[in-house]
file entry-v1.csv (CSV, C-alpha atoms)
chain,number,residue,atom,x,y,z
K,30,MET,CA,-33.5,-241.8,-136.2
K,31,SER,CA,-30.8,-243.3,-134.0
K,32,ASN,CA,-27.9,-241.1,-135.1
K,33,LEU,CA,-29.3,-237.6,-135.3
K,34,MET,CA,-26.2,-236.1,-133.8
K,35,GLU,CA,-23.6,-238.2,-135.7
K,36,GLY,CA,-20.5,-236.2,-136.5
K,37,LYS,CA,-21.5,-233.3,-134.2
K,38,ARG,CA,-19.3,-232.2,-131.3
K,39,GLY,CA,-20.5,-230.1,-128.4
K,40,LEU,CA,-19.8,-228.7,-125.0
K,41,VAL,CA,-22.0,-229.3,-122.0
K,42,VAL,CA,-21.6,-227.0,-119.1
K,43,GLY,CA,-23.4,-227.6,-115.9
K,44,VAL,CA,-23.4,-231.4,-115.1
K,45,ALA,CA,-23.3,-231.8,-111.3
K,46,ASN,CA,-24.4,-235.4,-110.9
K,47,GLU,CA,-26.6,-238.1,-112.4
K,48,ARG,CA,-29.8,-236.3,-111.5
K,49,SER,CA,-28.7,-233.1,-113.3
K,50,ILE,CA,-30.9,-231.9,-116.2
K,51,ALA,CA,-27.6,-231.3,-118.1
K,52,TRP,CA,-26.8,-235.0,-117.6
K,53,GLY,CA,-30.1,-236.0,-119.0
K,54,ILE,CA,-29.4,-233.9,-122.1
K,55,ALA,CA,-25.9,-235.2,-122.4
K,56,SER,CA,-27.1,-238.8,-122.2
K,57,VAL,CA,-29.7,-238.4,-125.0
K,58,LEU,CA,-27.2,-236.5,-127.2
K,59,ALA,CA,-24.6,-239.2,-126.7
K,60,LYS,CA,-27.1,-242.0,-127.6
K,61,HIS,CA,-27.7,-240.2,-130.9
K,62,GLY,CA,-24.0,-240.1,-131.8
K,63,ALA,CA,-22.8,-236.7,-130.4
K,64,GLU,CA,-19.2,-236.4,-129.2
K,65,LEU,CA,-19.2,-234.4,-126.0
K,66,ALA,CA,-16.9,-232.3,-123.9
K,67,ILE,CA,-18.1,-232.0,-120.3
K,68,THR,CA,-17.0,-229.5,-117.7
K,69,TYR,CA,-16.7,-229.5,-113.9
K,70,GLN,CA,-16.2,-226.6,-111.5
K,71,THR,CA,-14.4,-228.1,-108.5
K,72,GLU,CA,-12.5,-231.3,-107.6
K,73,SER,CA,-15.5,-232.6,-105.6
K,74,PHE,CA,-17.7,-232.2,-108.7
K,75,GLU,CA,-15.0,-233.8,-110.9
K,76,LYS,CA,-15.3,-237.0,-108.8
K,77,ARG,CA,-19.0,-237.2,-109.8
K,78,VAL,CA,-18.8,-235.9,-113.3
K,79,ARG,CA,-15.8,-237.8,-114.7
K,80,PRO,CA,-17.3,-241.3,-114.3
K,81,LEU,CA,-20.5,-240.1,-115.9
K,82,ALA,CA,-18.6,-238.6,-118.8
K,83,GLU,CA,-16.6,-241.8,-119.3
K,84,SER,CA,-19.9,-243.9,-119.3
K,85,ILE,CA,-20.9,-242.1,-122.5
K,86,GLY,CA,-17.5,-242.2,-124.1
K,87,SER,CA,-16.6,-238.5,-123.4
K,88,LYS,CA,-12.8,-238.1,-123.6
K,89,LEU,CA,-12.8,-234.4,-122.7
K,90,VAL,CA,-13.6,-233.6,-119.1
K,91,ILE,CA,-12.4,-230.1,-118.5
K,92,HIS,CA,-12.3,-227.7,-115.5
K,93,ALA,CA,-14.4,-224.6,-116.0
K,94,ASP,CA,-15.5,-221.8,-113.7
K,95,VAL,CA,-17.6,-219.1,-115.4
K,96,GLN,CA,-16.3,-216.5,-113.0
K,97,ASP,CA,-12.7,-217.3,-113.8
K,98,GLN,CA,-11.6,-216.0,-117.1
K,99,HIS,CA,-8.4,-218.0,-117.2
K,100,SER,CA,-10.3,-221.3,-116.8
K,101,LEU,CA,-12.5,-220.3,-119.7
K,102,ILE,CA,-9.6,-219.4,-121.9
K,103,ASN,CA,-8.0,-222.7,-121.1
K,104,LEU,CA,-11.3,-224.5,-121.8
K,105,PHE,CA,-11.8,-223.1,-125.3
K,106,ASP,CA,-8.1,-223.3,-126.1
K,107,GLU,CA,-8.3,-227.1,-125.4
K,108,LEU,CA,-11.5,-227.5,-127.4
K,109,GLU,CA,-9.9,-225.7,-130.3
K,110,GLY,CA,-6.7,-227.7,-130.1
K,111,LYS,CA,-8.5,-231.1,-129.8
K,112,TRP,CA,-11.5,-230.5,-132.1
K,113,GLY,CA,-10.8,-227.4,-134.2
K,114,LYS,CA,-14.5,-226.5,-134.2
K,115,LEU,CA,-17.7,-226.7,-132.2
K,116,ASP,CA,-21.2,-227.6,-133.3
K,117,PHE,CA,-23.2,-226.8,-130.2
K,118,LEU,CA,-23.1,-225.5,-126.6
K,119,VAL,CA,-25.4,-226.6,-123.8
K,120,HIS,CA,-25.4,-224.0,-121.0
K,121,ALA,CA,-27.0,-225.4,-117.8
K,122,ILE,CA,-25.7,-223.1,-115.1
K,123,ALA,CA,-27.6,-221.2,-112.4
K,124,TYR,CA,-26.7,-220.2,-108.9
K,125,SER,CA,-28.1,-218.1,-106.0
K,126,ASP,CA,-27.4,-218.2,-102.3
K,127,LYS,CA,-29.8,-220.8,-100.9
K,128,ASP,CA,-30.4,-218.6,-97.8
K,129,GLU,CA,-32.1,-216.1,-100.1
K,130,LEU,CA,-34.2,-218.7,-101.9
K,131,VAL,CA,-36.7,-218.6,-99.0
K,132,GLY,CA,-38.9,-215.9,-97.7
K,133,ASP,CA,-39.6,-212.6,-99.5
K,134,PHE,CA,-37.9,-211.4,-102.7
K,135,ILE,CA,-37.7,-207.8,-101.3
K,136,ASN,CA,-35.0,-209.0,-98.9
K,137,THR,CA,-32.6,-209.9,-101.8
K,138,SER,CA,-29.1,-208.5,-101.0
K,139,ARG,CA,-27.2,-206.5,-103.6
K,140,ARG,CA,-24.3,-209.0,-103.3
K,141,ASN,CA,-26.5,-212.0,-104.1
K,142,PHE,CA,-28.4,-210.2,-106.8
K,143,LEU,CA,-25.2,-209.3,-108.7
K,144,ASN,CA,-23.7,-212.8,-108.2
K,145,SER,CA,-26.9,-214.6,-109.3
K,146,LEU,CA,-27.2,-212.5,-112.5
K,147,ASP,CA,-23.5,-213.0,-113.3
K,148,ILE,CA,-23.5,-216.8,-113.0
K,149,SER,CA,-27.0,-217.5,-114.2
K,150,CYS,CA,-27.2,-215.0,-117.1
K,151,TYR,CA,-24.0,-213.3,-118.0
K,152,SER,CA,-22.2,-216.6,-118.3
K,153,LEU,CA,-24.4,-217.4,-121.3
K,154,ILE,CA,-23.2,-214.3,-123.1
K,155,ASP,CA,-19.6,-215.0,-122.3
K,156,LEU,CA,-19.7,-218.7,-123.2
K,157,SER,CA,-21.7,-218.0,-126.4
K,158,ARG,CA,-19.2,-215.4,-127.6
K,159,ARG,CA,-16.3,-217.9,-127.1
K,160,ALA,CA,-18.3,-220.8,-128.6
K,161,ALA,CA,-19.5,-218.9,-131.6
K,162,ARG,CA,-15.9,-218.3,-132.7
K,163,LEU,CA,-15.5,-222.1,-133.0
K,164,MET,CA,-18.8,-222.6,-134.8
K,165,LYS,CA,-17.3,-222.4,-138.2
K,166,ASP,CA,-20.2,-224.3,-140.0
K,167,LYS,CA,-23.3,-222.9,-138.3
K,168,GLY,CA,-24.2,-224.2,-134.8
K,169,SER,CA,-26.6,-224.3,-131.9
K,170,ILE,CA,-26.7,-222.9,-128.4
K,171,LEU,CA,-29.1,-224.1,-125.7
K,172,THR,CA,-29.8,-222.9,-122.2
K,173,LEU,CA,-32.2,-223.8,-119.4
K,174,THR,CA,-34.8,-221.5,-117.8
K,175,TYR,CA,-37.8,-221.9,-115.5
K,176,MET,CA,-41.4,-220.6,-115.4
K,177,GLY,CA,-40.5,-218.5,-112.4
K,178,SER,CA,-39.1,-216.0,-115.0
K,179,GLN,CA,-42.7,-215.2,-116.1
K,180,ARG,CA,-44.8,-216.0,-113.1
K,181,VAL,CA,-44.2,-215.3,-109.4
K,182,THR,CA,-43.1,-218.5,-107.8
K,183,PRO,CA,-42.8,-218.8,-104.0
K,184,ASN,CA,-39.2,-218.7,-102.8
K,185,TYR,CA,-37.7,-218.5,-106.3
K,186,ASN,CA,-37.0,-214.9,-105.7
K,187,VAL,CA,-33.9,-213.4,-107.4
K,188,MET,CA,-33.6,-216.5,-109.6
K,189,GLY,CA,-36.9,-215.5,-111.3
K,190,VAL,CA,-35.3,-212.2,-112.2
K,191,ALA,CA,-32.1,-213.9,-113.4
K,192,LYS,CA,-34.1,-216.3,-115.6
K,193,ALA,CA,-36.1,-213.5,-117.0
K,194,ALA,CA,-32.9,-211.8,-118.0
K,195,LEU,CA,-31.6,-215.1,-119.4
K,196,GLU,CA,-34.7,-215.4,-121.6
K,197,SER,CA,-34.2,-211.9,-122.9
K,198,THR,CA,-30.5,-212.7,-123.5
K,199,VAL,CA,-31.6,-215.7,-125.6
K,200,ARG,CA,-33.6,-213.4,-127.9
K,201,TYR,CA,-30.7,-210.9,-128.3
K,202,LEU,CA,-28.1,-213.6,-128.9
K,203,ALA,CA,-30.4,-215.3,-131.5
K,204,ASN,CA,-30.6,-212.0,-133.3
K,205,ASP,CA,-26.8,-211.4,-133.2
K,206,LEU,CA,-25.8,-214.9,-134.1
K,207,GLY,CA,-28.5,-215.7,-136.7
K,208,ARG,CA,-26.4,-214.2,-139.4
K,209,LYS,CA,-23.8,-216.9,-138.7
K,210,GLY,CA,-26.4,-219.6,-138.9
K,211,ILE,CA,-26.3,-220.2,-135.1
K,212,THR,CA,-29.5,-220.9,-133.3
K,213,VAL,CA,-30.1,-219.9,-129.7
K,214,ASN,CA,-32.9,-221.3,-127.6
K,215,ALA,CA,-34.0,-222.1,-124.1
K,216,ILE,CA,-35.9,-225.1,-122.6
K,217,SER,CA,-38.1,-224.4,-119.6
K,218,PRO,CA,-38.6,-227.7,-117.7
K,219,GLY,CA,-41.2,-228.1,-115.0
K,220,PRO,CA,-40.0,-228.9,-111.4
K,221,MET,CA,-37.5,-231.7,-111.3
K,222,LYS,CA,-35.7,-233.4,-108.4
K,223,THR,CA,-32.2,-231.9,-109.0
K,224,LEU,CA,-29.4,-230.7,-106.7
K,225,ALA,CA,-30.2,-227.1,-107.7
K,226,GLY,CA,-33.9,-227.5,-107.3
K,227,ALA,CA,-33.6,-228.9,-103.8
K,228,ALA,CA,-32.0,-225.6,-102.7
K,229,ILE,CA,-35.2,-223.7,-103.2
K,230,GLY,CA,-37.5,-223.3,-100.2
K,231,GLY,CA,-40.7,-225.5,-100.5
K,232,ALA,CA,-39.3,-227.5,-103.4
K,233,ARG,CA,-41.2,-230.6,-102.6
K,234,THR,CA,-44.5,-228.7,-102.5
K,235,VAL,CA,-43.8,-227.1,-105.8
K,236,TYR,CA,-42.9,-230.5,-107.4
K,237,ARG,CA,-46.1,-232.0,-106.1
K,238,THR,CA,-48.3,-229.1,-107.0
K,239,ALA,CA,-47.0,-229.0,-110.6
K,240,GLU,CA,-47.6,-232.7,-111.0
K,241,GLU,CA,-51.1,-232.6,-109.6
K,242,ASN,CA,-52.2,-229.5,-111.6
K,243,SER,CA,-50.5,-229.9,-115.0
K,244,PRO,CA,-52.8,-231.0,-117.8
K,245,LEU,CA,-50.7,-234.2,-118.3
K,246,LYS,CA,-50.6,-234.8,-114.5
K,247,GLU,CA,-46.9,-235.6,-114.8
K,248,ASN,CA,-43.6,-233.7,-114.3
K,249,PRO,CA,-40.9,-233.9,-116.9
K,250,SER,CA,-38.1,-236.5,-117.0
K,251,GLN,CA,-34.5,-236.2,-117.9
K,252,GLU,CA,-35.3,-238.1,-121.1
K,253,SER,CA,-38.2,-235.8,-122.1
K,254,VAL,CA,-36.0,-232.7,-121.6
K,255,GLY,CA,-33.1,-234.4,-123.4
K,256,GLY,CA,-35.4,-235.2,-126.3
K,257,THR,CA,-36.4,-231.6,-126.7
K,258,ALA,CA,-32.7,-230.6,-126.6
K,259,LEU,CA,-32.1,-233.3,-129.3
K,260,TYR,CA,-34.6,-231.6,-131.5
K,261,LEU,CA,-33.2,-228.1,-131.0
K,262,LEU,CA,-29.6,-229.2,-131.5
K,263,SER,CA,-30.2,-231.5,-134.5
K,264,GLU,CA,-30.9,-230.6,-138.1
K,265,TYR,CA,-34.6,-230.7,-137.3
K,266,GLY,CA,-34.2,-227.6,-135.2
K,267,LYS,CA,-32.2,-225.5,-137.6
K,268,HIS,CA,-35.0,-223.1,-138.2
K,269,THR,CA,-36.0,-222.6,-134.6
K,270,THR,CA,-34.3,-219.8,-132.7
K,271,GLY,CA,-35.0,-217.2,-130.0
K,272,GLU,CA,-37.6,-219.6,-128.4
K,273,VAL,CA,-38.4,-220.7,-124.9
K,274,ILE,CA,-39.9,-224.2,-125.1
K,275,PHE,CA,-41.8,-225.5,-122.1
K,276,VAL,CA,-41.4,-229.1,-121.1
K,277,ASP,CA,-43.6,-229.1,-118.0
K,278,GLY,CA,-46.6,-231.3,-118.8
K,279,GLY,CA,-48.5,-228.1,-119.7
K,280,TYR,CA,-48.3,-226.6,-116.2
K,281,HIS,CA,-47.4,-223.1,-117.6
K,282,ILE,CA,-50.8,-222.8,-119.3
K,283,ILE,CA,-52.7,-223.1,-116.0
K,284,GLY,CA,-53.5,-219.7,-114.4
K,285,MET,CA,-54.4,-221.2,-111.0
K,286,PRO,CA,-54.1,-224.7,-109.6
K,287,GLN,CA,-57.4,-226.5,-110.4
K,288,ARG,CA,-59.5,-228.1,-107.8
K,289,ALA,CA,-61.1,-231.4,-108.3
K,290,ASN,CA,-64.9,-231.3,-109.1
K,291,THR,CA,-67.0,-232.0,-106.0

call {"tool": "encode", "arguments": {"input": "entry-v1.csv", "output": "structure tokens"}}
result
Amino acid sequence: MSNLMEGKRGLVVGVANERSIAWGIASVLAKHGAELAITYQTESFEKRVRPLAESIGSKLVIHADVQDQHSLINLFDELEGKWGKLDFLVHAIAYSDKDELVGDFINTSRRNFLNSLDISCYSLIDLSRRAARLMKDKGSILTLTYMGSQRVTPNYNVMGVAKAALESTVRYLANDLGRKGITVNAISPGPMKTLAGAAIGGARTVYRTAEENSPLKENPSQESVGGTALYLLSEYGKHTTGEVIFVDGGYHIIGMPQRANT
């Protein structure tokens, strides 16, 4: 059970720091023998990401900006040159103007709507198309979503729409790529204390509410999300595709926060 990813090579896009969900996934995969390439977007992120990558033995730390086609061409050219093939892709990217992650959804600007959908959703299509070309012996693609795609979540606003589009994209990609033996799935973690999550208005309240009202009375950890990713990207997940798997202590099944009995 300790080498479920032995011999597999994969790309992880979206590590920002040691509290990133993507980092939790990368850590678990590395412990199980995966060889990883990890990207960074800017020099400031590189300073945080490179030491993390080196701590798990990753020798490929590559610049990538999903809105810069030249950087993506360089990324996949380097992967092909160094590895020749790819076994899996972890897509952990989402962005919206934090000034629009407060207040009412109706005030979403056209600019931020288009930019949020481009970075948070279209990037999965673009990266999957490039990655699938290198998945010569089947493969797996994994992304991250959130319950705000299916239920109105205060202040999540346009990100809820972007994640709904992302989940639909997972299903369409799963259908397209299934003929090549490539699985495509999403994990939907509950609230976690990440850099991205902190940008959403009322994040602390959401975190506390989910923990208090989930059936397990506990929010997910990097390890629990990483473990779910391990299942989906290993041989054990080879017949699971087009799915959104919740890792939120069961919070998504609760229609309304439950009050304690009096």

call {"tool": "residues_around", "arguments": {"input": "entry-v1.csv", "residues": "Val119 in chain K", "least_positions_apart": "2", "cutoff": "9 Å", "atoms": "only C-alpha atoms", "output": "list in words"}}
result
Gly39, Leu40, Val41, Val42, Gly43, Ala51, Ile54, Ala55, Phe117, Ala121, Ser169, Ile170, Leu171, Thr172, Leu173 and Ala258 of chain K

call {"tool": "write_last_selection", "arguments": {"input": "entry-v1.csv", "atoms": "C-alpha atoms", "output": "mmCIF file, in the frame of the given file"}}
result
data_model
loop_
_atom_site.group_PDB
_atom_site.id
_atom_site.type_symbol
_atom_site.label_atom_id
_atom_site.label_comp_id
_atom_site.auth_asym_id
_atom_site.auth_seq_id
_atom_site.Cartn_x
_atom_site.Cartn_y
_atom_site.Cartn_z
ATOM 1 C CA GLY K 39 -20.500 -230.100 -128.400
ATOM 2 C CA LEU K 40 -19.800 -228.700 -125.000
ATOM 3 C CA VAL K 41 -22.000 -229.300 -122.000
ATOM 4 C CA VAL K 42 -21.600 -227.000 -119.100
ATOM 5 C CA GLY K 43 -23.400 -227.600 -115.900
ATOM 6 C CA ALA K 51 -27.600 -231.300 -118.100
ATOM 7 C CA ILE K 54 -29.400 -233.900 -122.100
ATOM 8 C CA ALA K 55 -25.900 -235.200 -122.400
ATOM 9 C CA PHE K 117 -23.200 -226.800 -130.200
ATOM 10 C CA ALA K 121 -27.000 -225.400 -117.800
ATOM 11 C CA SER K 169 -26.600 -224.300 -131.900
ATOM 12 C CA ILE K 170 -26.700 -222.900 -128.400
ATOM 13 C CA LEU K 171 -29.100 -224.100 -125.700
ATOM 14 C CA THR K 172 -29.800 -222.900 -122.200
ATOM 15 C CA LEU K 173 -32.200 -223.800 -119.400
ATOM 16 C CA ALA K 258 -32.700 -230.600 -126.600
#

call {"tool": "closest_residue", "arguments": {"input": "entry-v1.csv", "among": "K:Gln70, K:Asn186, K:Ser31, K:Ser125", "to": "Ile148 in chain K", "atoms": "all atoms listed in the file"}}
result
K:Ser125

call {"tool": "residues_near_point", "arguments": {"input": "entry-v1.csv", "point": "(-31.0, -227.5, -132.9)", "cutoff": "9 Å", "atoms": "all atoms listed in the file", "output": "list of chain:residue names"}}
result
K:Phe117, K:Gly168, K:Ser169, K:Ile170, K:Leu171, K:Ile211, K:Thr212, K:Val213, K:Asn214, K:Ala258, K:Leu259, K:Tyr260, K:Leu261, K:Leu262, K:Ser263, K:Glu264, K:Tyr265, K:Gly266, K:Lys267, K:His268, K:Thr269, K:Thr270

call {"tool": "residues_around", "arguments": {"input": "entry-v1.csv", "residues": "Ser243 in chain K", "least_positions_apart": "3", "cutoff": "9 Å", "atoms": "only C-alpha atoms", "output": "NGL selection string"}}
result
:K and (238-240 or 246-248 or 277-283 or 286-287)

call {"tool": "closest_residue", "arguments": {"input": "entry-v1.csv", "among": "K:Gly86, K:Gly113, K:Ile50, K:Val78", "to": "Gly62 in chain K", "atoms": "all atoms listed in the file"}}
result
K:Gly86

call {"tool": "closest_residue", "arguments": {"input": "entry-v1.csv", "among": "K:Glu47, K:Glu252, K:Glu241, K:Asp97", "to": "Leu81 in chain K", "atoms": "all atoms listed in the file"}}
result
K:Glu47

call {"tool": "residues_around", "arguments": {"input": "entry-v1.csv", "residues": "Glu129 in chain K", "least_positions_apart": "3", "cutoff": "12 Å", "atoms": "all atoms listed in the file", "output": "number ranges by chain"}}
result
K: 124-126, 132-142, 145, 183-188, 228-230

call {"tool": "atom_distance", "arguments": {"input": "entry-v1.csv", "atom1": "CA of Val44 in chain K", "atom2": "CA of Leu206 in chain K"}}
result
25.3 Å

call {"tool": "closest_residue", "arguments": {"input": "entry-v1.csv", "among": "K:Asp147, K:Gly256, K:Pro220, K:Lys111", "to": "Lys60 in chain K", "atoms": "only C-alpha atoms"}}
result
K:Gly256

call {"tool": "closest_residue", "arguments": {"input": "entry-v1.csv", "among": "K:Ala63, K:Thr174, K:Arg233, K:Lys192", "to": "Val276 in chain K", "atoms": "all atoms listed in the file"}}
result
K:Thr174

call {"tool": "closest_residue", "arguments": {"input": "entry-v1.csv", "among": "K:Ser73, K:Gln251, K:Ser197, K:Asn103", "to": "Tyr151 in chain K", "atoms": "all atoms listed in the file"}}
result
K:Ser197

call {"tool": "atom_distance", "arguments": {"input": "entry-v1.csv", "atom1": "CA of Arg180 in chain K", "atom2": "CA of Ser149 in chain K"}}
result
17.9 Å
